[in-house]
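Asks: Mind looking over this structure? Questions follow.
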Amino acid sequence: MAQKKTTSNKGTNTRSGSSSSKKGAAASRNARTAPKAPPIEEKEPLHSVIWSYSWGKALYLLLAILVMIGLDLLIAMNHYNMFFTVLGIEILAGMLIGWIVFLILDRKKQADMLNEDSSGAESEE
């Protein structure tokens, strides 16, 4: 009786093995013939698309100014003397920082232009 069980187990093992190999071949055939989906194009976020236009940069600047004024009103809690004092300090600080950034960028441009001129003069000689 023990021998019959072992033989029947071998028979079922071979059947299950052959059926799984048939399924594997069919699955690989279906994978090869199945059409592939086209790649999905990634879209840029809306805020970066708006920033790429000059009017978008002006819009962001306007929004930043409105947010700053709104925060100043919240800080001052409708005490207008305090509001205008804080706003004036912010405007002066913004102008000062803007001029410093402008001067740094201008000096970098001049240095780059001098480097290009000197490298161009050396290559001509």
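Within each chain, counting starts at residue 1; across the structure tokens, chains are named A, B, ... in the order shown, with ligands numbered 1 upward in that order.
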Considering only C-alpha atoms, give me a table of residues in segment 39-71 of chain A that are at most 12 Å from segment 87-101 of chain A, with the closest atom pair and distance in Å for each, as a tab-separated table.
Replies:
```
residue	atom	partner	partner_atom	distance
A:Ile65	CA	A:Ile91	CA	10.3
A:Leu66	CA	A:Leu87	CA	11.7
A:Met68	CA	A:Leu87	CA	8.6
A:Ile69	CA	A:Leu87	CA	7.4
A:Gly70	CA	A:Leu87	CA	10.5
A:Leu71	CA	A:Leu87	CA	10.0
```
Asks: Pick out the residues sitting within 12 Å of Leu73 of chain A, and hand them over as a ChimeraX atom specification; count only C-alpha atoms, and ignore anything fewer than 3 positions along from it in its own chain.
Replies: /A:66-70,76-87
Asks: Rounded to one decimal, what separation in Å do you get between atom CA of Glu42 of chain A and atom CA of Gly56 of chain A?
Replies: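 Atom CA of Gly56 of chain A lies 21.4 Å from atom CA of Glu42 of chain A.
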Asks: One number please: atom CA of Ile50 of chain A to atom CA of Leu62 of chain A, in Å, one decimal.
Replies: 13.5 Å
Asks: Work out how far apart atom CA of Ile75 of chain A and atom CA of Tyr60 of chain A are and give it in Å to one decimal.
Replies: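 Straight-line distance from atom CA of Ile75 of chain A to atom CA of Tyr60 of chain A works out to 22.3 Å.
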